[in-house]
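**Student:** Have a peek at work-v8.csv (CSV, C-alpha atoms).
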chain,number,residue,atom,x,y,z
A,10,MET,CA,274.2,20.1,88.4
A,11,ARG,CA,271.0,21.1,90.2
A,12,ILE,CA,268.7,23.9,89.2
A,13,THR,CA,269.5,27.2,90.9
A,14,LYS,CA,266.7,28.5,93.2
A,15,THR,CA,266.1,32.3,93.3
A,16,PRO,CA,264.5,34.5,95.9
A,17,GLN,CA,260.9,35.6,95.5
A,18,ILE,CA,260.5,37.9,92.5
A,19,ARG,CA,258.0,40.8,92.4
A,20,VAL,CA,255.3,40.8,89.8
A,21,GLU,CA,256.5,44.2,88.6
A,22,GLU,CA,260.0,42.9,88.0
A,23,VAL,CA,258.7,40.0,85.9
A,24,ALA,CA,256.5,42.3,83.8
A,25,HIS,CA,259.3,44.7,83.2
A,26,PHE,CA,261.7,41.9,82.2
A,27,ARG,CA,259.2,40.6,79.6
A,28,LEU,CA,258.4,44.0,78.3
A,29,ARG,CA,262.1,44.7,77.7
A,30,ARG,CA,262.6,41.4,75.9
A,31,HIS,CA,259.6,42.2,73.7
A,32,HIS,CA,261.0,45.6,72.7
A,33,LEU,CA,257.9,47.3,74.3
A,34,LEU,CA,259.9,49.8,76.4
A,35,ASP,CA,261.2,53.1,75.1
A,36,GLU,CA,264.7,51.9,74.2
A,37,PRO,CA,266.8,51.9,71.1
A,38,PRO,CA,264.6,50.6,68.3
A,39,ALA,CA,265.1,47.1,66.7
A,40,ASP,CA,264.6,46.0,63.1
A,41,PRO,CA,261.9,43.5,62.1
A,42,VAL,CA,264.3,40.5,62.0
A,43,THR,CA,265.6,41.3,65.5
A,44,ILE,CA,262.1,41.7,66.9
A,45,CYS,CA,260.9,38.4,65.4
A,46,ARG,CA,264.0,36.7,66.8
A,47,ASP,CA,263.6,38.1,70.3
A,48,VAL,CA,259.9,37.4,70.7
A,49,CYS,CA,260.2,33.9,69.2
A,50,GLY,CA,258.2,34.7,66.2
A,51,VAL,CA,255.5,37.3,65.4
A,52,GLN,CA,252.0,35.8,65.0
A,53,ALA,CA,250.9,36.3,61.4
A,54,GLN,CA,247.6,34.4,61.1
A,55,VAL,CA,246.2,37.8,60.1
A,56,MET,CA,249.0,39.5,58.2
A,57,SER,CA,247.8,43.1,58.9
A,58,ALA,CA,248.2,42.3,62.6
A,59,ALA,CA,251.8,41.1,62.1
A,60,TYR,CA,252.7,44.5,60.7
A,61,LEU,CA,251.1,46.2,63.7
A,62,GLN,CA,252.9,43.8,66.1
A,63,LEU,CA,256.2,45.0,64.7
A,64,TRP,CA,255.1,48.6,64.6
A,65,THR,CA,254.1,48.7,68.3
A,66,ARG,CA,257.6,47.5,69.1
A,67,ASN,CA,259.3,50.1,66.9
A,68,HIS,CA,257.1,53.0,65.6
A,69,SER,CA,259.5,53.7,62.8
A,70,ILE,CA,258.9,50.3,61.1
A,71,THR,CA,256.9,50.5,57.9
A,72,ARG,CA,254.9,47.9,56.1
A,73,ALA,CA,257.3,48.2,53.1
A,74,GLU,CA,260.3,47.4,55.4
A,75,VAL,CA,258.6,44.2,56.6
A,76,GLU,CA,257.7,43.2,53.0
A,77,ASN,CA,261.2,43.8,51.9
A,78,SER,CA,262.5,41.4,54.6
A,79,LEU,CA,260.0,38.8,53.6
A,80,TRP,CA,260.0,38.9,49.8
A,81,LYS,CA,263.3,40.6,48.7
A,82,THR,CA,266.1,40.0,51.2
A,83,ARG,CA,264.3,36.9,52.5
A,84,THR,CA,265.7,37.5,56.0
A,85,LEU,CA,262.2,36.7,57.4
A,86,VAL,CA,260.1,33.7,56.5
A,87,LYS,CA,256.4,33.2,56.9
A,88,THR,CA,255.2,29.7,57.8
A,89,SER,CA,253.0,27.6,60.1
A,90,LEU,CA,254.7,26.9,63.4
A,91,MET,CA,253.6,27.0,67.1
A,92,ARG,CA,250.0,25.8,67.6
A,93,GLN,CA,249.7,25.3,63.9
A,94,THR,CA,249.4,29.1,63.4
A,95,LEU,CA,251.3,31.3,61.0
A,96,HIS,CA,254.4,33.2,62.3
A,97,LEU,CA,257.2,35.4,60.9
A,98,ILE,CA,260.6,34.1,62.1
A,99,PRO,CA,264.2,34.9,61.0
A,100,THR,CA,265.2,32.8,58.1
A,101,ASN,CA,268.4,31.6,59.8
A,102,GLU,CA,266.3,30.2,62.7
A,103,PHE,CA,264.0,28.3,60.3
A,104,PRO,CA,265.8,24.9,60.8
A,105,ILE,CA,265.4,25.2,64.7
A,106,TYR,CA,261.7,25.8,64.6
A,107,ILE,CA,261.1,23.1,62.0
A,108,ALA,CA,263.1,20.4,63.7
A,109,ALA,CA,261.6,21.2,67.1
A,110,LEU,CA,257.9,21.2,65.9
A,111,ARG,CA,258.0,18.8,62.9
A,112,GLN,CA,256.8,15.7,64.6
A,113,CYS,CA,253.8,17.1,66.5
A,114,ARG,CA,252.6,19.2,63.6
A,115,ARG,CA,253.1,16.5,61.0
A,116,GLU,CA,251.2,14.0,63.2
A,117,GLY,CA,248.5,16.5,63.8
A,118,ALA,CA,247.9,16.9,60.0
A,119,LEU,CA,247.9,13.2,59.4
A,120,ARG,CA,245.4,12.6,62.3
A,121,VAL,CA,243.0,15.1,60.6
A,122,MET,CA,243.3,13.0,57.4
A,123,ALA,CA,242.8,9.8,59.2
A,124,ARG,CA,239.5,11.0,60.7
A,125,CYS,CA,238.4,11.4,57.1
A,126,GLY,CA,239.3,7.9,56.2
A,127,ILE,CA,242.7,8.6,54.6
A,128,SER,CA,245.4,6.1,55.5
A,129,ARG,CA,248.8,7.3,56.7
A,130,GLU,CA,250.4,6.0,53.5
A,131,GLU,CA,248.0,7.9,51.4
A,132,GLY,CA,248.5,11.1,53.4
A,133,GLU,CA,252.3,10.8,53.2
A,134,ALA,CA,252.1,10.1,49.5
A,135,ILE,CA,250.6,13.6,48.8
A,136,THR,CA,253.8,15.4,49.8
A,137,PRO,CA,255.9,14.4,46.8
A,138,LEU,CA,253.0,15.3,44.5
A,139,ILE,CA,252.8,18.8,46.0
A,140,MET,CA,256.6,19.2,45.7
A,141,GLU,CA,256.3,18.2,42.0
A,142,ALA,CA,253.5,20.6,41.4
A,143,LEU,CA,255.6,23.5,42.9
A,144,ALA,CA,258.7,22.7,40.9
A,145,SER,CA,257.9,25.3,38.4
A,146,GLY,CA,257.1,28.0,40.9
A,147,PRO,CA,254.7,29.1,43.7
A,148,LEU,CA,251.1,28.2,43.6
A,149,GLY,CA,247.9,28.8,45.6
A,150,ARG,CA,245.9,26.1,47.4
A,151,VAL,CA,243.4,25.8,44.6
A,152,ALA,CA,246.1,25.4,41.9
A,153,ILE,CA,248.0,22.8,44.0
A,154,ALA,CA,244.8,20.8,44.5
A,155,ALA,CA,244.1,21.0,40.7
A,156,ALA,CA,247.6,19.8,39.9
A,157,ILE,CA,247.5,16.7,42.1
A,158,ARG,CA,243.8,15.8,41.8
A,159,PRO,CA,244.3,13.5,38.8
A,160,LYS,CA,247.0,11.5,40.8
A,161,VAL,CA,245.1,10.8,44.0
A,162,SER,CA,242.1,8.7,45.0
A,163,LYS,CA,238.5,9.9,45.0
A,164,ARG,CA,238.6,9.9,48.8
A,165,VAL,CA,241.6,12.3,48.8
A,166,ARG,CA,240.0,14.5,46.2
A,167,PHE,CA,236.9,14.9,48.4
A,168,PHE,CA,239.1,15.6,51.4
A,169,MET,CA,241.0,18.4,49.5
A,170,GLU,CA,237.7,20.1,48.7
A,171,LYS,CA,236.8,20.3,52.4
A,172,SER,CA,240.2,20.9,54.0
A,173,TRP,CA,243.8,22.0,53.2
A,174,SER,CA,245.5,19.7,55.8
A,175,HIS,CA,247.3,18.0,52.9
A,176,VAL,CA,249.4,21.1,52.5
A,177,ARG,CA,250.2,21.1,56.3
A,178,VAL,CA,252.4,18.0,56.0
A,179,PRO,CA,255.1,19.5,53.7
A,180,VAL,CA,254.8,22.8,55.6
A,181,ALA,CA,255.5,20.9,58.9
A,182,GLU,CA,258.4,19.1,57.2
A,183,GLY,CA,260.0,22.4,56.2
A,184,LEU,CA,259.7,21.6,52.6
A,185,ILE,CA,257.4,24.5,51.6
A,186,CYS,CA,256.6,27.8,53.2
A,187,TYR,CA,254.2,30.7,52.6
A,188,GLY,CA,254.6,33.4,49.9
A,189,GLY,CA,252.7,36.7,49.5
A,190,GLY,CA,249.0,37.3,49.7
A,191,GLU,CA,246.3,36.8,52.3
A,192,GLY,CA,243.4,34.4,52.8
A,193,ASN,CA,242.6,32.5,49.6
A,194,GLN,CA,245.2,34.5,47.7
A,195,VAL,CA,248.2,33.1,49.6
A,196,VAL,CA,250.7,31.0,47.7
A,197,PHE,CA,253.1,28.3,48.7
A,198,ILE,CA,256.8,28.1,47.7
A,199,ARG,CA,259.4,25.3,47.8
A,200,VAL,CA,261.9,26.1,50.5
A,201,ASP,CA,264.8,24.7,48.4
A,202,GLN,CA,263.9,27.3,45.7
A,203,TRP,CA,263.2,30.2,48.0
A,204,LEU,CA,265.5,30.3,51.0
A,205,PRO,CA,269.2,30.0,51.3
A,206,LYS,CA,270.6,26.5,51.7
A,207,LEU,CA,269.4,25.5,55.2
A,208,LYS,CA,270.5,22.3,56.9
A,209,VAL,CA,267.1,21.4,58.6
A,210,GLN,CA,268.0,17.7,58.8
A,211,ASP,CA,271.2,18.3,60.7
A,212,ILE,CA,269.5,19.3,63.9
A,213,SER,CA,268.0,16.6,66.1
A,214,PRO,CA,264.4,17.1,67.4
A,215,THR,CA,265.6,17.1,71.0
A,216,GLU,CA,268.5,19.5,70.4
A,217,ALA,CA,266.0,21.9,68.6
A,218,GLN,CA,263.4,21.6,71.3
A,219,CYS,CA,266.0,22.5,73.9
A,220,GLU,CA,267.0,25.5,71.9
A,221,LEU,CA,263.4,26.5,71.4
A,222,LEU,CA,262.8,26.3,75.2
A,223,ARG,CA,265.8,28.5,75.8
A,224,LYS,CA,264.5,31.1,73.4
A,225,TYR,CA,261.0,30.9,74.9
A,226,LEU,CA,262.3,31.4,78.5
A,227,GLY,CA,264.4,34.3,77.2
A,228,ALA,CA,261.3,36.0,75.9
A,229,TYR,CA,258.5,34.9,78.2
A,230,GLY,CA,260.2,33.6,81.4
A,231,PRO,CA,259.7,33.0,84.2
A,232,ALA,CA,257.4,30.2,82.9
A,233,THR,CA,256.5,26.6,83.6
A,234,LEU,CA,257.1,23.6,81.3
A,235,ARG,CA,253.3,23.5,80.8
A,236,ASP,CA,253.4,27.1,79.6
A,237,PHE,CA,256.0,26.1,77.0
A,238,SER,CA,254.0,23.1,75.9
A,239,HIS,CA,250.9,25.3,75.6
A,240,TRP,CA,252.7,27.9,73.6
A,241,ALA,CA,254.7,25.6,71.3
A,242,GLY,CA,251.9,23.0,70.8
A,243,ILE,CA,254.4,20.3,71.8
A,244,PRO,CA,252.9,17.5,73.9
A,245,MET,CA,254.0,17.4,77.6
A,246,GLN,CA,255.4,13.9,77.1
A,247,GLU,CA,258.0,15.4,74.7
A,248,VAL,CA,258.6,18.5,76.9
A,249,ARG,CA,259.2,16.7,80.3
A,250,PRO,CA,262.5,15.0,79.2
A,251,LEU,CA,263.9,18.5,78.2
A,252,ARG,CA,264.2,19.6,81.8
A,253,PRO,CA,267.0,17.3,83.0
A,254,LEU,CA,268.9,18.2,79.8
A,255,LEU,CA,268.8,21.9,80.7
A,256,ASP,CA,269.1,21.7,84.5
A,257,SER,CA,272.5,23.4,84.6
A,258,GLU,CA,271.1,26.3,82.6
A,259,LEU,CA,267.9,26.9,84.6
A,260,ALA,CA,266.9,28.8,87.7
A,261,GLU,CA,263.8,28.1,89.6
A,262,VAL,CA,261.7,31.2,90.4
A,263,PRO,CA,259.1,30.9,93.3
A,264,GLY,CA,255.6,31.8,92.1
A,265,GLY,CA,252.2,32.2,93.7
A,266,LYS,CA,250.7,28.9,92.5
A,267,LYS,CA,253.7,27.1,91.1
A,268,ASN,CA,257.4,27.6,90.6
A,269,CYS,CA,258.6,28.7,87.2
A,270,PHE,CA,261.8,28.5,85.3
A,271,LEU,CA,264.1,31.2,84.0
A,272,LEU,CA,267.5,30.9,82.2
A,273,ARG,CA,270.2,31.2,84.8
A,274,ASP,CA,271.9,33.8,82.7
A,275,ASP,CA,268.8,36.0,82.9
A,276,VAL,CA,268.4,36.1,86.7
A,277,ALA,CA,270.6,39.1,87.1
A,278,ALA,CA,268.7,41.0,84.4
A,279,LEU,CA,265.4,40.1,86.1
A,280,ASN,CA,266.6,41.4,89.4
A,281,LYS,CA,267.7,44.7,87.9
A,282,CYS,CA,264.3,45.4,86.4
A,283,SER,CA,262.7,48.5,87.7
A,284,GLN,CA,260.5,51.1,86.0
A,285,ALA,CA,259.5,54.6,87.2
A,286,GLU,CA,256.6,55.0,84.8
A,287,PRO,CA,254.4,52.2,83.4
A,288,CYS,CA,254.9,51.4,79.7
A,289,ILE,CA,251.8,52.1,77.6
A,290,ARG,CA,251.2,50.2,74.3
A,291,LEU,CA,248.4,49.4,71.9
A,292,LEU,CA,248.8,45.7,71.1
A,293,PRO,CA,246.9,44.5,68.0
A,294,ILE,CA,244.9,41.3,67.6
A,295,PHE,CA,246.8,38.1,68.2
A,296,ASP,CA,249.8,39.9,69.7
A,297,SER,CA,252.5,37.4,70.7
A,298,TYR,CA,252.9,38.9,74.1
A,299,LEU,CA,249.4,37.7,75.0
A,300,LEU,CA,249.8,34.1,73.9
A,301,ALA,CA,252.7,32.6,75.7
A,302,HIS,CA,251.3,31.4,79.1
A,303,ARG,CA,248.6,28.9,79.8
A,304,GLU,CA,247.1,31.0,82.6
A,305,LYS,CA,246.5,34.7,82.0
A,306,ASP,CA,245.9,36.0,85.6
A,307,HIS,CA,249.2,38.0,85.3
A,308,LEU,CA,247.6,39.9,82.4
A,309,LEU,CA,244.0,40.5,83.5
A,310,SER,CA,241.3,39.5,86.0
A,311,ALA,CA,238.9,36.7,85.3
A,312,GLN,CA,235.9,39.1,84.9
A,313,HIS,CA,237.5,40.6,81.8
A,314,TYR,CA,239.0,37.4,80.4
A,315,LYS,CA,236.3,36.8,77.7
A,316,ARG,CA,236.6,40.3,76.4
A,317,VAL,CA,240.2,39.6,75.3
A,318,TYR,CA,240.4,35.8,74.9
A,319,ARG,CA,237.2,35.3,72.8
A,320,ASN,CA,235.6,32.3,71.1
A,321,GLN,CA,237.3,30.3,68.4
A,322,GLY,CA,240.8,31.5,69.4
A,323,TRP,CA,240.2,35.1,68.6
A,324,ILE,CA,242.4,37.5,70.6
A,325,SER,CA,241.3,41.1,71.0
A,326,PRO,CA,243.6,44.1,70.5
A,327,VAL,CA,244.4,45.4,74.0
A,328,VAL,CA,245.7,48.5,75.9
A,329,LEU,CA,248.8,47.3,77.8
A,330,ILE,CA,249.8,49.4,80.8
A,331,GLY,CA,252.8,48.3,82.8
A,332,GLY,CA,252.6,44.8,81.3
A,333,ALA,CA,249.0,44.2,82.2
A,334,ILE,CA,245.8,44.6,80.1
A,335,ALA,CA,243.9,47.7,81.0
A,336,GLY,CA,241.3,47.6,78.2
A,337,VAL,CA,240.5,46.8,74.6
A,338,TRP,CA,240.6,49.0,71.5
A,339,SER,CA,239.6,48.9,67.9
A,340,HIS,CA,240.4,50.9,64.8
A,341,LYS,CA,238.9,51.7,61.4
A,342,LEU,CA,240.5,53.5,58.5
A,343,GLN,CA,238.2,55.6,56.4
A,344,SER,CA,239.0,58.4,54.0
A,345,LYS,CA,242.5,59.1,55.3
A,346,LYS,CA,241.1,59.2,58.8
A,347,LEU,CA,241.9,56.7,61.5
A,348,PHE,CA,239.1,56.1,64.0
A,349,VAL,CA,240.3,54.6,67.2
A,350,GLU,CA,237.9,53.6,70.0
A,351,VAL,CA,239.3,52.6,73.5
A,352,GLU,CA,237.2,50.7,76.1
A,353,PRO,CA,239.1,50.7,79.4
A,354,PHE,CA,238.3,48.1,82.0
A,355,GLY,CA,238.4,50.8,84.7
A,356,LYS,CA,239.1,54.5,85.2
A,357,LEU,CA,242.3,55.6,83.5
A,358,SER,CA,244.6,58.1,85.2
A,359,LYS,CA,245.4,61.3,83.3
A,360,ALA,CA,248.9,60.0,82.6
A,361,ALA,CA,247.6,56.7,81.3
A,362,LYS,CA,245.0,58.5,79.1
A,363,ALA,CA,247.8,60.8,77.7
A,364,GLY,CA,249.9,57.7,77.0
A,365,VAL,CA,247.1,56.0,75.1
A,366,GLU,CA,246.5,59.2,73.1
A,367,ARG,CA,250.2,59.4,72.3
A,368,GLU,CA,250.2,55.8,71.0
A,369,ALA,CA,247.1,56.3,69.0
A,370,GLY,CA,248.8,59.3,67.4
A,371,HIS,CA,251.8,57.1,66.4
A,372,LEU,CA,249.3,54.6,64.9
A,373,ALA,CA,247.7,57.3,62.8
A,374,ALA,CA,251.1,58.3,61.5
A,375,PHE,CA,251.7,54.6,60.6
A,376,PHE,CA,248.6,54.8,58.5
A,377,ALA,CA,249.4,58.3,57.2
A,378,SER,CA,246.1,59.4,58.5
A,379,LYS,CA,244.5,61.9,60.8
A,380,LEU,CA,243.4,60.6,64.2
A,381,ASP,CA,239.9,60.5,65.6
A,382,LEU,CA,240.2,59.0,69.1
A,383,LYS,CA,237.3,58.2,71.4
A,384,PHE,CA,237.3,56.7,74.9
A,385,GLN,CA,234.1,54.7,75.9
Go through the file and emit its structure as structure tokens.
**Tutor:**
Amino acid sequence: MRITKTPQIRVEEVAHFRLRRHHLLDEPPADPVTICRDVCGVQAQVMSAAYLQLWTRNHSITRAEVENSLWKTRTLVKTSLMRQTLHLIPTNEFPIYIAALRQCRREGALRVMARCGISREEGEAITPLIMEALASGPLGRVAIAAAIRPKVSKRVRFFMEKSWSHVRVPVAEGLICYGGGEGNQVVFIRVDQWLPKLKVQDISPTEAQCELLRKYLGAYGPATLRDFSHWAGIPMQEVRPLRPLLDSELAEVPGGKKNCFLLRDDVAALNKCSQAEPCIRLLPIFDSYLLAHREKDHLLSAQHYKRVYRNQGWISPVVLIGGAIAGVWSHKLQSKKLFVEVEPFGKLSKAAKAGVEREAGHLAAFFASKLDLKFQ
């Protein structure tokens, strides 16, 4: 069956579709697990930003609720996934993500070791040592290195002092995941001791990649295969063969520069998208909404690009109006007072300014603080 072709879609319809899928419209609120499922994982490289990503999609979500899902009910899991970055995903989707990304992430970690003179065999031999070290419970990176140091070569010991890619291999394999803590305080946990019995090995890589592409298009479509490759960190040579496998499920959407794909089942939902007033949200650093497409011209103009997408992969917190970036913002918590500073890229209307003030007020409530808001 051939891919369905759709009529030209307006930019506003696309933005509204994505905002709805990201729970960024004023609709019935969703719980943390549902949000993480629908946006294909919440970026958690900086854990405080992960809490705010969930908050901006449901202002009633608290930090305690997210922590409960991660560390008590374990319905969410924190691990390294797309682009080798940390994400929160639903536990029951863990096998899909691991199977889809295992090969590229595993090979990436082994390549880093190879550049430091560590053979593939040596690199692979580290994983069972790490699993043995974690048999008695979670450990931090320093404790793991100390436990396996007497059992590895001098070359590997030197490598572990400079890098932690040795931990990335069992993470990529889905054998270990992240526990509580941030930065150097984070701990690693054996998946077989922490999560429910999950059949990671029962899903083929191709089947998992097809499912991940479906999920991606459901959250970020219309998008190109190169967008998916960029977002997932899966090389294009692995992505290209997925298209014929999903031809019967895809619709081709005409675009300005190139045609994009959308799930056929979502075409009707996209065509129904209309919005009387623009949605206004304060997105935190590294928000998932900002990371899904290779090109960012649907979000902001080239002149403001570097103010959002900064050096070394740093993504600024942004003011989102109607699905596009209208400025950047920052916040500082001090003595039960939340200082918020907003730098618009242009003049804001009265309604837009009021919307930003409303969102900043909700943010102050999240921090149980009084608001001090300033526009630059």
**Student:** Residues near Trp240 of chain A, anyone? I mean within 9 Å using all atoms listed in the file, not counting same-chain ones fewer than 3 positions away, as a list in words.
**Tutor:**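 Answer for this query is Met91, Arg92, Tyr225, Arg235, Asp236, Phe237, Ile243, Leu300, Ala301, His302 and Arg303 of chain A.
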**Student:** Mind dumping a table of every segment 171-246 of chain A residue within 8 Å of segment 17-33 of chain A, with the nearest atom pair and its distance in Å to one decimal, using only C-alpha atoms, sorted by chain and rising number, as a Markdown table?
**Tutor:**
| residue | atom | partner | partner_atom | distance |
| --- | --- | --- | --- | --- |
| A:Gly227 | CA | A:Arg30 | CA | 7.4 |
| A:Ala228 | CA | A:Arg30 | CA | 5.6 |
| A:Tyr229 | CA | A:Arg27 | CA | 5.9 |
| A:Gly230 | CA | A:Arg27 | CA | 7.3 |
| A:Pro231 | CA | A:Val23 | CA | 7.3 |
**Student:** From the set A:Ser297, A:Gln112, A:Asn268, A:Gln194, which residue has the shortest atom-to-atom contact distance to Ala232 of chain A, counting only C-alpha atoms?
**Tutor:**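 Using only C-alpha atoms, Ala232 of chain A sits closest to A:Asn268.
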**Student:** Could you check the closest approach to Leu255 of chain A for each of A:Ile294, A:Ile330, A:Leu222, A:Cys269 and tell me which residue wins, using all atoms listed in the file?
**Tutor:**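 Going through A:Ile294, A:Ile330, A:Leu222, A:Cys269 one by one, the smallest distance to Leu255 of chain A is for A:Leu222.
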**Student:** Hey, can you check how far atom CA of Ala73 of chain A sits from atom CA of Pro99 of chain A?
**Tutor:**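 Atom CA of Pro99 of chain A lies 16.9 Å from atom CA of Ala73 of chain A.
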**Student:** To one decimal place, how far is atom CA of Gln312 of chain A from atom CA of Phe295 of chain A in Å?
**Tutor:**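 Separation between atom CA of Gln312 of chain A and atom CA of Phe295 of chain A: 20.0 Å.
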**Student:** Return the single residue from A:Ala142, A:Val151, A:Val176, A:Leu347 that is closest to Thr88 of chain A, with distances computed using only C-alpha atoms.
**Tutor:**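 Among the listed residues, the smallest separation from Thr88 of chain A belongs to A:Val176.
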**Student:** Neighbouring residues of Val337 of chain A were defined as those with any atom within 8 Å, considering only C-alpha atoms; residues of the same chain fewer than 4 positions away were excluded. Please report them as an NGL selection string.
**Tutor:** :A and (316-317 or 325-328 or 351-354)
**Student:** Write out as CSV a residue-level contact list of segment 238-305 of chain A versus segment 362-374 of chain A with cut-off 8 Å: for each qualifying residue the closest pair of atoms and the distance in Å to one decimal, counting all atoms listed in the file, rows sorted by chain and residue number upward.
**Tutor:**
residue,atom,partner,partner_atom,distance
A:Ile289,CA,A:Gly364,CA,5.9
A:Arg290,CA,A:Glu368,CA,6.6
A:Leu291,CA,A:Glu368,CA,6.7
**Student:** Tell me which protein, DNA and RNA residues are within 12 Å of Val180 of chain A, counting all atoms listed in the file, leaving out same-chain ones fewer than 5 positions away, and put them as an MDAnalysis selection string.
**Tutor:** chainID A and resid 87:90 93:95 103 106:108 110:112 114:115 118 136 139:140 173:175 185:187 197:200
